[in-house]
$ cat start-v1.txt   # compact mmCIF, N, CA and C atoms
# COMPACT_ATOMS: atom_id res chain seq x y z
N MET A 8 -22.00 -88.67 -64.07
CA MET A 8 -20.75 -88.80 -64.75
C MET A 8 -20.71 -90.20 -65.38
N THR A 9 -20.36 -90.25 -66.63
CA THR A 9 -20.19 -91.53 -67.32
C THR A 9 -18.70 -91.72 -67.57
N PHE A 10 -18.21 -92.92 -67.31
CA PHE A 10 -16.78 -93.17 -67.41
C PHE A 10 -16.48 -94.58 -67.86
N ASP A 11 -15.29 -94.74 -68.43
CA ASP A 11 -14.75 -96.05 -68.78
C ASP A 11 -14.05 -96.59 -67.54
N ILE A 12 -14.11 -97.87 -67.32
CA ILE A 12 -13.53 -98.48 -66.12
C ILE A 12 -12.02 -98.19 -66.01
N ASN A 13 -11.36 -97.94 -67.13
CA ASN A 13 -9.93 -97.61 -67.10
C ASN A 13 -9.66 -96.25 -66.45
N ALA A 14 -10.68 -95.43 -66.31
CA ALA A 14 -10.53 -94.11 -65.69
C ALA A 14 -10.95 -94.12 -64.22
N ILE A 15 -11.05 -95.29 -63.63
CA ILE A 15 -11.59 -95.43 -62.27
C ILE A 15 -10.78 -94.64 -61.23
N ASP A 16 -9.47 -94.54 -61.39
CA ASP A 16 -8.66 -93.79 -60.43
C ASP A 16 -9.02 -92.31 -60.45
N ASP A 17 -9.22 -91.76 -61.63
CA ASP A 17 -9.63 -90.35 -61.76
C ASP A 17 -11.02 -90.14 -61.19
N VAL A 18 -11.92 -91.08 -61.42
CA VAL A 18 -13.29 -91.00 -60.89
C VAL A 18 -13.25 -91.00 -59.36
N ALA A 19 -12.41 -91.84 -58.78
CA ALA A 19 -12.29 -91.91 -57.32
C ALA A 19 -11.83 -90.57 -56.75
N LYS A 20 -10.85 -89.96 -57.38
CA LYS A 20 -10.36 -88.66 -56.91
C LYS A 20 -11.45 -87.60 -56.99
N LEU A 21 -12.20 -87.58 -58.08
CA LEU A 21 -13.30 -86.63 -58.23
C LEU A 21 -14.39 -86.87 -57.20
N LEU A 22 -14.70 -88.13 -56.97
CA LEU A 22 -15.72 -88.47 -55.99
C LEU A 22 -15.32 -87.98 -54.60
N LEU A 23 -14.07 -88.19 -54.22
CA LEU A 23 -13.61 -87.76 -52.90
C LEU A 23 -13.67 -86.25 -52.73
N LYS A 24 -13.48 -85.52 -53.82
CA LYS A 24 -13.58 -84.06 -53.76
C LYS A 24 -15.02 -83.59 -53.62
N SER A 25 -15.98 -84.43 -54.01
CA SER A 25 -17.38 -84.01 -54.04
C SER A 25 -18.19 -84.45 -52.82
N VAL A 26 -17.67 -85.38 -52.02
CA VAL A 26 -18.47 -85.89 -50.92
C VAL A 26 -18.58 -84.88 -49.78
N LYS A 27 -19.69 -84.97 -49.06
CA LYS A 27 -19.96 -84.08 -47.92
C LYS A 27 -19.68 -84.77 -46.59
N THR A 28 -19.60 -86.11 -46.61
CA THR A 28 -19.42 -86.89 -45.39
C THR A 28 -18.31 -87.92 -45.61
N LYS A 29 -18.01 -88.67 -44.56
CA LYS A 29 -17.03 -89.76 -44.67
C LYS A 29 -17.72 -91.12 -44.77
N THR A 30 -19.03 -91.09 -45.00
CA THR A 30 -19.78 -92.33 -45.21
C THR A 30 -20.36 -92.30 -46.61
N ILE A 31 -20.01 -93.31 -47.42
CA ILE A 31 -20.52 -93.39 -48.78
C ILE A 31 -21.27 -94.71 -48.93
N LEU A 32 -22.52 -94.61 -49.35
CA LEU A 32 -23.37 -95.77 -49.59
C LEU A 32 -23.30 -96.11 -51.08
N PHE A 33 -23.01 -97.35 -51.40
CA PHE A 33 -22.83 -97.76 -52.80
C PHE A 33 -24.02 -98.62 -53.24
N TYR A 34 -24.79 -98.09 -54.18
CA TYR A 34 -25.92 -98.80 -54.75
C TYR A 34 -25.59 -99.18 -56.19
N GLY A 35 -25.98 -100.36 -56.59
CA GLY A 35 -25.76 -100.81 -57.96
C GLY A 35 -25.91 -102.32 -58.02
N ASP A 36 -26.17 -102.81 -59.21
CA ASP A 36 -26.35 -104.24 -59.42
C ASP A 36 -25.05 -105.00 -59.16
N MET A 37 -25.17 -106.29 -58.95
CA MET A 37 -24.02 -107.17 -58.79
C MET A 37 -23.14 -107.05 -60.04
N GLY A 38 -21.84 -106.88 -59.83
CA GLY A 38 -20.89 -106.84 -60.93
C GLY A 38 -20.75 -105.49 -61.62
N VAL A 39 -21.39 -104.46 -61.09
CA VAL A 39 -21.35 -103.15 -61.74
C VAL A 39 -20.03 -102.41 -61.50
N GLY A 40 -19.31 -102.80 -60.45
CA GLY A 40 -18.02 -102.16 -60.18
C GLY A 40 -17.94 -101.42 -58.86
N LYS A 41 -18.82 -101.75 -57.93
CA LYS A 41 -18.79 -101.08 -56.62
C LYS A 41 -17.47 -101.33 -55.91
N THR A 42 -17.05 -102.58 -55.83
CA THR A 42 -15.79 -102.91 -55.15
C THR A 42 -14.60 -102.33 -55.90
N THR A 43 -14.66 -102.31 -57.21
CA THR A 43 -13.57 -101.74 -58.00
C THR A 43 -13.43 -100.25 -57.70
N LEU A 44 -14.54 -99.55 -57.58
CA LEU A 44 -14.50 -98.14 -57.22
C LEU A 44 -13.96 -97.95 -55.81
N ILE A 45 -14.36 -98.81 -54.89
CA ILE A 45 -13.87 -98.72 -53.52
C ILE A 45 -12.37 -98.97 -53.47
N LYS A 46 -11.87 -99.91 -54.26
CA LYS A 46 -10.42 -100.13 -54.34
C LYS A 46 -9.71 -98.85 -54.76
N ALA A 47 -10.27 -98.17 -55.75
CA ALA A 47 -9.68 -96.92 -56.24
C ALA A 47 -9.77 -95.82 -55.19
N LEU A 48 -10.85 -95.79 -54.42
CA LEU A 48 -10.98 -94.80 -53.36
C LEU A 48 -9.94 -95.02 -52.26
N VAL A 49 -9.75 -96.27 -51.87
CA VAL A 49 -8.74 -96.59 -50.85
C VAL A 49 -7.36 -96.14 -51.34
N LYS A 50 -7.07 -96.41 -52.58
CA LYS A 50 -5.79 -96.01 -53.18
C LYS A 50 -5.68 -94.48 -53.19
N ALA A 51 -6.74 -93.78 -53.58
CA ALA A 51 -6.72 -92.32 -53.63
C ALA A 51 -6.55 -91.69 -52.26
N LEU A 52 -6.99 -92.40 -51.23
CA LEU A 52 -6.84 -91.92 -49.86
C LEU A 52 -5.46 -92.24 -49.27
N GLY A 53 -4.61 -92.89 -50.05
CA GLY A 53 -3.26 -93.19 -49.61
C GLY A 53 -3.05 -94.60 -49.09
N GLY A 54 -4.03 -95.47 -49.30
CA GLY A 54 -3.89 -96.85 -48.88
C GLY A 54 -2.91 -97.60 -49.75
N THR A 55 -2.16 -98.48 -49.13
CA THR A 55 -1.19 -99.28 -49.89
C THR A 55 -1.62 -100.74 -50.01
N THR A 56 -2.66 -101.11 -49.27
CA THR A 56 -3.18 -102.47 -49.34
C THR A 56 -4.24 -102.52 -50.43
N ASP A 57 -4.23 -103.60 -51.21
CA ASP A 57 -5.23 -103.78 -52.25
C ASP A 57 -6.56 -104.15 -51.59
N ALA A 58 -7.54 -103.29 -51.72
CA ALA A 58 -8.86 -103.54 -51.12
C ALA A 58 -9.54 -104.71 -51.83
N THR A 59 -10.16 -105.57 -51.04
CA THR A 59 -10.89 -106.71 -51.58
C THR A 59 -12.30 -106.71 -51.01
N SER A 60 -13.17 -107.45 -51.64
CA SER A 60 -14.56 -107.50 -51.21
C SER A 60 -14.69 -108.24 -49.88
N PRO A 61 -15.39 -107.62 -48.91
CA PRO A 61 -15.61 -108.28 -47.63
C PRO A 61 -16.92 -109.08 -47.60
N THR A 62 -17.26 -109.71 -48.70
CA THR A 62 -18.53 -110.44 -48.79
C THR A 62 -18.70 -111.45 -47.66
N PHE A 63 -17.65 -112.17 -47.33
CA PHE A 63 -17.77 -113.19 -46.28
C PHE A 63 -17.37 -112.68 -44.90
N SER A 64 -16.46 -111.72 -44.85
CA SER A 64 -16.04 -111.19 -43.56
C SER A 64 -16.94 -110.04 -43.10
N ILE A 65 -17.76 -109.52 -43.97
CA ILE A 65 -18.70 -108.40 -43.76
C ILE A 65 -17.99 -107.05 -43.72
N VAL A 66 -16.83 -106.96 -43.05
CA VAL A 66 -16.10 -105.69 -43.01
C VAL A 66 -14.61 -105.94 -43.16
N ASN A 67 -13.97 -105.10 -43.98
CA ASN A 67 -12.52 -105.08 -44.09
C ASN A 67 -12.06 -103.70 -43.64
N GLU A 68 -10.90 -103.67 -43.03
CA GLU A 68 -10.33 -102.41 -42.53
C GLU A 68 -9.03 -102.13 -43.27
N TYR A 69 -8.89 -100.88 -43.74
CA TYR A 69 -7.69 -100.49 -44.47
C TYR A 69 -7.10 -99.23 -43.84
N GLU A 70 -5.81 -99.24 -43.63
CA GLU A 70 -5.13 -98.03 -43.19
C GLU A 70 -4.84 -97.18 -44.41
N VAL A 71 -5.21 -95.90 -44.33
CA VAL A 71 -4.92 -94.94 -45.38
C VAL A 71 -4.16 -93.80 -44.73
N LEU A 72 -3.78 -92.81 -45.49
CA LEU A 72 -3.01 -91.69 -44.97
C LEU A 72 -3.77 -90.99 -43.85
N ASN A 73 -3.27 -91.10 -42.64
CA ASN A 73 -3.84 -90.44 -41.46
C ASN A 73 -5.29 -90.80 -41.16
N ASP A 74 -5.73 -91.98 -41.56
CA ASP A 74 -7.12 -92.36 -41.30
C ASP A 74 -7.28 -93.86 -41.51
N ILE A 75 -8.52 -94.31 -41.38
CA ILE A 75 -8.90 -95.71 -41.57
C ILE A 75 -10.12 -95.74 -42.47
N VAL A 76 -10.21 -96.77 -43.30
CA VAL A 76 -11.41 -97.03 -44.11
C VAL A 76 -12.02 -98.34 -43.63
N TYR A 77 -13.32 -98.30 -43.35
CA TYR A 77 -14.08 -99.52 -43.08
C TYR A 77 -14.92 -99.80 -44.32
N HIS A 78 -14.71 -100.94 -44.93
CA HIS A 78 -15.40 -101.34 -46.16
C HIS A 78 -16.36 -102.47 -45.81
N PHE A 79 -17.65 -102.19 -45.94
CA PHE A 79 -18.68 -103.16 -45.59
C PHE A 79 -19.33 -103.72 -46.84
N ASP A 80 -19.69 -104.99 -46.79
CA ASP A 80 -20.49 -105.62 -47.85
C ASP A 80 -21.59 -106.40 -47.15
N PHE A 81 -22.82 -105.90 -47.26
CA PHE A 81 -23.95 -106.49 -46.55
C PHE A 81 -24.81 -107.38 -47.45
N TYR A 82 -24.26 -107.83 -48.56
CA TYR A 82 -25.02 -108.66 -49.50
C TYR A 82 -25.62 -109.90 -48.82
N ARG A 83 -24.86 -110.55 -47.97
CA ARG A 83 -25.30 -111.80 -47.35
C ARG A 83 -26.09 -111.61 -46.06
N ILE A 84 -26.26 -110.38 -45.61
CA ILE A 84 -26.97 -110.10 -44.36
C ILE A 84 -28.46 -110.42 -44.50
N GLU A 85 -28.99 -111.11 -43.53
CA GLU A 85 -30.41 -111.45 -43.54
C GLU A 85 -31.27 -110.38 -42.87
N ASP A 86 -30.73 -109.78 -41.79
CA ASP A 86 -31.48 -108.73 -41.10
C ASP A 86 -30.51 -107.83 -40.34
N GLU A 87 -31.02 -106.70 -39.87
CA GLU A 87 -30.18 -105.70 -39.22
C GLU A 87 -29.58 -106.19 -37.90
N ILE A 88 -30.19 -107.19 -37.27
CA ILE A 88 -29.66 -107.74 -36.02
C ILE A 88 -28.24 -108.26 -36.22
N GLU A 89 -27.98 -108.86 -37.38
CA GLU A 89 -26.65 -109.40 -37.67
C GLU A 89 -25.58 -108.31 -37.61
N VAL A 90 -25.87 -107.13 -38.14
CA VAL A 90 -24.86 -106.07 -38.12
C VAL A 90 -24.78 -105.40 -36.76
N LEU A 91 -25.88 -105.40 -36.04
CA LEU A 91 -25.82 -104.88 -34.67
C LEU A 91 -24.92 -105.77 -33.82
N ASP A 92 -24.95 -107.07 -34.10
CA ASP A 92 -24.12 -108.03 -33.37
C ASP A 92 -22.62 -107.83 -33.61
N ILE A 93 -22.25 -107.26 -34.77
CA ILE A 93 -20.82 -107.01 -35.02
C ILE A 93 -20.39 -105.64 -34.51
N GLY A 94 -21.33 -104.91 -33.91
CA GLY A 94 -21.00 -103.60 -33.36
C GLY A 94 -20.93 -102.52 -34.41
N ILE A 95 -21.85 -102.54 -35.35
CA ILE A 95 -21.84 -101.61 -36.47
C ILE A 95 -21.76 -100.14 -36.03
N GLU A 96 -22.42 -99.81 -34.93
CA GLU A 96 -22.42 -98.41 -34.48
C GLU A 96 -21.01 -97.95 -34.16
N ASP A 97 -20.19 -98.84 -33.60
CA ASP A 97 -18.81 -98.47 -33.28
C ASP A 97 -18.04 -98.08 -34.54
N TYR A 98 -18.27 -98.78 -35.62
CA TYR A 98 -17.64 -98.45 -36.89
C TYR A 98 -18.20 -97.14 -37.46
N LEU A 99 -19.52 -97.07 -37.55
CA LEU A 99 -20.16 -95.95 -38.24
C LEU A 99 -19.91 -94.60 -37.59
N TYR A 100 -19.73 -94.58 -36.28
CA TYR A 100 -19.61 -93.31 -35.57
C TYR A 100 -18.21 -93.08 -35.00
N ALA A 101 -17.22 -93.77 -35.54
CA ALA A 101 -15.83 -93.63 -35.07
C ALA A 101 -15.11 -92.45 -35.72
N GLY A 102 -15.73 -91.82 -36.71
CA GLY A 102 -15.11 -90.68 -37.37
C GLY A 102 -14.19 -91.04 -38.52
N HIS A 103 -14.22 -92.31 -38.93
CA HIS A 103 -13.39 -92.76 -40.04
C HIS A 103 -14.25 -92.92 -41.29
N TRP A 104 -13.62 -93.27 -42.39
CA TRP A 104 -14.33 -93.51 -43.65
C TRP A 104 -15.14 -94.80 -43.55
N ASN A 105 -16.37 -94.77 -44.04
CA ASN A 105 -17.23 -95.95 -44.12
C ASN A 105 -17.72 -96.08 -45.56
N PHE A 106 -17.34 -97.16 -46.22
CA PHE A 106 -17.80 -97.45 -47.57
C PHE A 106 -18.72 -98.66 -47.47
N ILE A 107 -19.98 -98.49 -47.81
CA ILE A 107 -20.99 -99.52 -47.55
C ILE A 107 -21.63 -100.01 -48.85
N GLU A 108 -21.38 -101.28 -49.18
CA GLU A 108 -22.05 -101.93 -50.31
C GLU A 108 -23.32 -102.60 -49.80
N TRP A 109 -24.38 -102.57 -50.59
CA TRP A 109 -25.68 -103.14 -50.26
C TRP A 109 -26.27 -102.48 -49.00
N PRO A 110 -26.28 -101.15 -48.95
CA PRO A 110 -26.80 -100.45 -47.76
C PRO A 110 -28.29 -100.65 -47.53
N ASP A 111 -29.01 -101.03 -48.57
CA ASP A 111 -30.45 -101.27 -48.43
C ASP A 111 -30.73 -102.37 -47.41
N LYS A 112 -29.76 -103.24 -47.16
CA LYS A 112 -29.93 -104.33 -46.19
C LYS A 112 -29.96 -103.83 -44.74
N ILE A 113 -29.43 -102.60 -44.52
CA ILE A 113 -29.41 -102.05 -43.16
C ILE A 113 -30.04 -100.65 -43.14
N ALA A 114 -31.03 -100.46 -43.97
CA ALA A 114 -31.64 -99.14 -44.16
C ALA A 114 -32.06 -98.47 -42.85
N GLY A 115 -32.52 -99.24 -41.89
CA GLY A 115 -33.01 -98.68 -40.65
C GLY A 115 -31.93 -98.15 -39.71
N ILE A 116 -30.67 -98.48 -39.97
CA ILE A 116 -29.61 -98.03 -39.07
C ILE A 116 -28.51 -97.25 -39.78
N LEU A 117 -28.76 -96.85 -41.02
CA LEU A 117 -27.76 -96.07 -41.75
C LEU A 117 -27.55 -94.72 -41.09
N PRO A 118 -26.31 -94.27 -41.05
CA PRO A 118 -26.05 -92.95 -40.47
C PRO A 118 -26.55 -91.85 -41.41
N LYS A 119 -26.95 -90.75 -40.83
CA LYS A 119 -27.41 -89.62 -41.62
C LYS A 119 -26.70 -88.38 -41.10
N PRO A 120 -26.16 -87.55 -41.95
CA PRO A 120 -26.16 -87.66 -43.40
C PRO A 120 -25.10 -88.66 -43.88
N ALA A 121 -25.23 -89.07 -45.11
CA ALA A 121 -24.27 -89.93 -45.79
C ALA A 121 -24.34 -89.61 -47.28
N ASP A 122 -23.25 -89.81 -47.96
CA ASP A 122 -23.24 -89.63 -49.41
C ASP A 122 -23.69 -90.92 -50.07
N ILE A 123 -24.43 -90.78 -51.16
CA ILE A 123 -24.94 -91.95 -51.88
C ILE A 123 -24.35 -91.96 -53.28
N SER A 124 -23.86 -93.11 -53.69
CA SER A 124 -23.41 -93.28 -55.08
C SER A 124 -24.25 -94.37 -55.72
N TYR A 125 -24.76 -94.05 -56.88
CA TYR A 125 -25.52 -95.00 -57.69
C TYR A 125 -24.66 -95.31 -58.91
N ILE A 126 -24.34 -96.59 -59.10
CA ILE A 126 -23.50 -96.99 -60.23
C ILE A 126 -24.33 -97.89 -61.15
N LYS A 127 -24.29 -97.54 -62.43
CA LYS A 127 -25.05 -98.31 -63.42
C LYS A 127 -24.11 -98.71 -64.54
N LEU A 128 -24.21 -99.96 -64.99
CA LEU A 128 -23.44 -100.44 -66.14
C LEU A 128 -24.24 -100.14 -67.40
N ASN A 129 -23.62 -99.46 -68.33
CA ASN A 129 -24.28 -99.11 -69.59
C ASN A 129 -24.04 -100.19 -70.64
N ASN A 130 -24.85 -100.19 -71.69
CA ASN A 130 -24.76 -101.20 -72.74
C ASN A 130 -23.39 -101.22 -73.43
N ASP A 131 -22.72 -100.07 -73.48
CA ASP A 131 -21.41 -100.01 -74.15
C ASP A 131 -20.24 -100.34 -73.22
N GLY A 132 -20.55 -100.78 -71.98
CA GLY A 132 -19.51 -101.17 -71.04
C GLY A 132 -19.04 -100.03 -70.14
N THR A 133 -19.46 -98.81 -70.43
CA THR A 133 -19.12 -97.71 -69.53
C THR A 133 -20.02 -97.78 -68.30
N ARG A 134 -19.66 -97.00 -67.30
CA ARG A 134 -20.47 -96.90 -66.09
C ARG A 134 -20.96 -95.48 -65.95
N THR A 135 -22.12 -95.33 -65.32
CA THR A 135 -22.63 -94.01 -64.98
C THR A 135 -22.71 -93.94 -63.47
N LEU A 136 -22.15 -92.89 -62.92
CA LEU A 136 -22.12 -92.67 -61.47
C LEU A 136 -22.93 -91.42 -61.17
N LYS A 137 -23.88 -91.56 -60.28
CA LYS A 137 -24.66 -90.41 -59.80
C LYS A 137 -24.48 -90.33 -58.30
N MET A 138 -24.37 -89.11 -57.81
CA MET A 138 -24.16 -88.88 -56.38
C MET A 138 -25.31 -88.06 -55.82
N SER A 139 -25.64 -88.34 -54.56
CA SER A 139 -26.60 -87.52 -53.82
C SER A 139 -26.27 -87.66 -52.34
N VAL A 140 -27.03 -86.95 -51.51
CA VAL A 140 -26.80 -87.00 -50.07
C VAL A 140 -28.04 -87.54 -49.40
N PHE A 141 -27.83 -88.49 -48.49
CA PHE A 141 -28.90 -89.11 -47.69
C PHE A 141 -28.97 -88.33 -46.40
N GLU A 142 -30.09 -87.62 -46.19
CA GLU A 142 -30.24 -86.83 -44.97
C GLU A 142 -31.57 -87.16 -44.32
N GLU A 143 -31.57 -87.02 -43.03
CA GLU A 143 -32.80 -87.21 -42.28
C GLU A 143 -33.65 -85.96 -42.45
N THR A 144 -34.91 -86.16 -42.76
CA THR A 144 -35.83 -85.04 -42.88
C THR A 144 -36.34 -84.66 -41.50
N ILE A 145 -36.20 -83.41 -41.17
CA ILE A 145 -36.67 -82.92 -39.88
C ILE A 145 -38.02 -82.25 -40.10
N LYS A 146 -39.00 -82.73 -39.39
CA LYS A 146 -40.35 -82.17 -39.51
C LYS A 146 -40.68 -81.39 -38.25
N ASN A 147 -41.14 -80.19 -38.45
CA ASN A 147 -41.58 -79.36 -37.33
C ASN A 147 -43.08 -79.48 -37.19
N ASN A 148 -43.54 -79.95 -36.06
CA ASN A 148 -44.98 -80.09 -35.85
C ASN A 148 -45.48 -79.01 -34.91

$ encode --input "start-v1.txt" --output "structure tokens"
Amino acid sequence: MTFDINAIDDVAKLLLKSVKTKTILFYGDMGVGKTTLIKALVKALGGTTDATSPTFSIVNEYEVLNDIVYHFDFYRIEDEIEVLDIGIEDYLYAGHWNFIEWPDKIAGILPKPADISYIKLNNDGTRTLKMSVFEETIKNN
């Protein structure tokens, strides 16, 4: 889906209708609009607090309609031990929404399945959003 940033609220609603899980991994370059999309998702879920980037706090928590959103930003993380120290498993497996920016930094401990969003900034200023599902491959030997 290609969209203008002014349509971000509509994109968030469509994204929420299409996800298979409550964990969404956000991939994209710095400044592409990952946090802006997450703000719109929090709003679409009934949140009244303006979501902000948790770059320094690592995780922000937002109350939404009948649920909670955990918004992670792992840009500054050096290794997976740092997120284990904050009790990441407690967040990821609590049954609430998990929105994860820079998930490649914790690739070894990502929950499966999870929805993946790839956001790309186009030359004309629009964004392209692609979705897929991250699942563990089960091999029968």

$ residues_near_point --input "start-v1.txt" --point "(-8.7, -90.0, -57.4)" --cutoff "8 Å" --atoms "all atoms listed in the file" --output "ChimeraX atom specification"
/A:15-24,47-48,50-52

$ closest_residue --input "start-v1.txt" --among "A:Asp92, A:Asp36, A:Asp74, A:Glu85" --to "Trp104 of chain A" --atoms "only C-alpha atoms"
A:Asp74

$ select_by_dssp --input "start-v1.txt" --residues "segment 24-60 of chain A" --states "strand (DSSP E)" --output "JSON list (two decimals) with N, CA and C atoms, in the frame of the given file"
[["chain", "number", "residue", "atom", "x", "y", "z"],
["A", 30, "THR", "N", -19.03, -91.09, -45.00],
["A", 30, "THR", "CA", -19.78, -92.33, -45.21],
["A", 30, "THR", "C", -20.36, -92.30, -46.61],
["A", 31, "ILE", "N", -20.01, -93.31, -47.42],
["A", 31, "ILE", "CA", -20.52, -93.39, -48.78],
["A", 31, "ILE", "C", -21.27, -94.71, -48.93],
["A", 32, "LEU", "N", -22.52, -94.61, -49.35],
["A", 32, "LEU", "CA", -23.37, -95.77, -49.59],
["A", 32, "LEU", "C", -23.30, -96.11, -51.08],
["A", 33, "PHE", "N", -23.01, -97.35, -51.40],
["A", 33, "PHE", "CA", -22.83, -97.76, -52.80],
["A", 33, "PHE", "C", -24.02, -98.62, -53.24],
["A", 34, "TYR", "N", -24.79, -98.09, -54.18],
["A", 34, "TYR", "CA", -25.92, -98.80, -54.75],
["A", 34, "TYR", "C", -25.59, -99.18, -56.19]]

$ residues_around --input "start-v1.txt" --residues "Ile126 of chain A" --least-positions-apart "6" --cutoff "5 Å" --atoms "only N, CA and C atoms" --output "CSV table (one decimal) with N, CA and C atoms, in the frame of the given file"
chain,number,residue,atom,x,y,z
A,34,TYR,N,-24.8,-98.1,-54.2
A,34,TYR,CA,-25.9,-98.8,-54.8
A,34,TYR,C,-25.6,-99.2,-56.2
A,35,GLY,N,-26.0,-100.4,-56.6
A,35,GLY,CA,-25.8,-100.8,-58.0
A,35,GLY,C,-25.9,-102.3,-58.0
A,135,THR,N,-22.1,-95.3,-65.3
A,135,THR,CA,-22.6,-94.0,-65.0
A,135,THR,C,-22.7,-93.9,-63.5
A,136,LEU,N,-22.2,-92.9,-62.9
A,136,LEU,CA,-22.1,-92.7,-61.5
A,136,LEU,C,-22.9,-91.4,-61.2

$ closest_residue --input "start-v1.txt" --among "A:Val26, A:Ile113, A:Val76, A:Ala101" --to "Ile88 of chain A" --atoms "all atoms listed in the file"
A:Ile113

$ closest_residue --input "start-v1.txt" --among "A:Met37, A:Val90, A:Ala114, A:Val49" --to "Glu68 of chain A" --atoms "only C-alpha atoms"
A:Val49

$ closest_residue --input "start-v1.txt" --among "A:Met8, A:Ile95, A:Ile123, A:Ile65" --to "Leu32 of chain A" --atoms "all atoms listed in the file"
A:Ile123

$ atom_distance --input "start-v1.txt" --atom1 "atom N of Gly53 of chain A" --atom2 "atom C of Asn73 of chain A"
9.2 Å

$ residues_around --input "start-v1.txt" --residues "Lys27 of chain A" --least-positions-apart "5" --cutoff "8 Å" --atoms "only N, CA and C atoms" --output "list in words"
Leu22, Pro120, Ala121, Asp122, Ile123, Ser139 and Val140 of chain A

$ closest_residue --input "start-v1.txt" --among "A:Asn67, A:Thr9, A:Thr30, A:Asn129" --to "Phe106 of chain A" --atoms "all atoms listed in the file"
A:Thr30

$ residues_around --input "start-v1.txt" --residues "Glu108 of chain A" --least-positions-apart "5" --cutoff "6.5 Å" --atoms "all atoms listed in the file" --output "list in words"
Leu32, Phe33, Tyr34, His78, Phe79, Asp80, Phe81 and Tyr82 of chain A
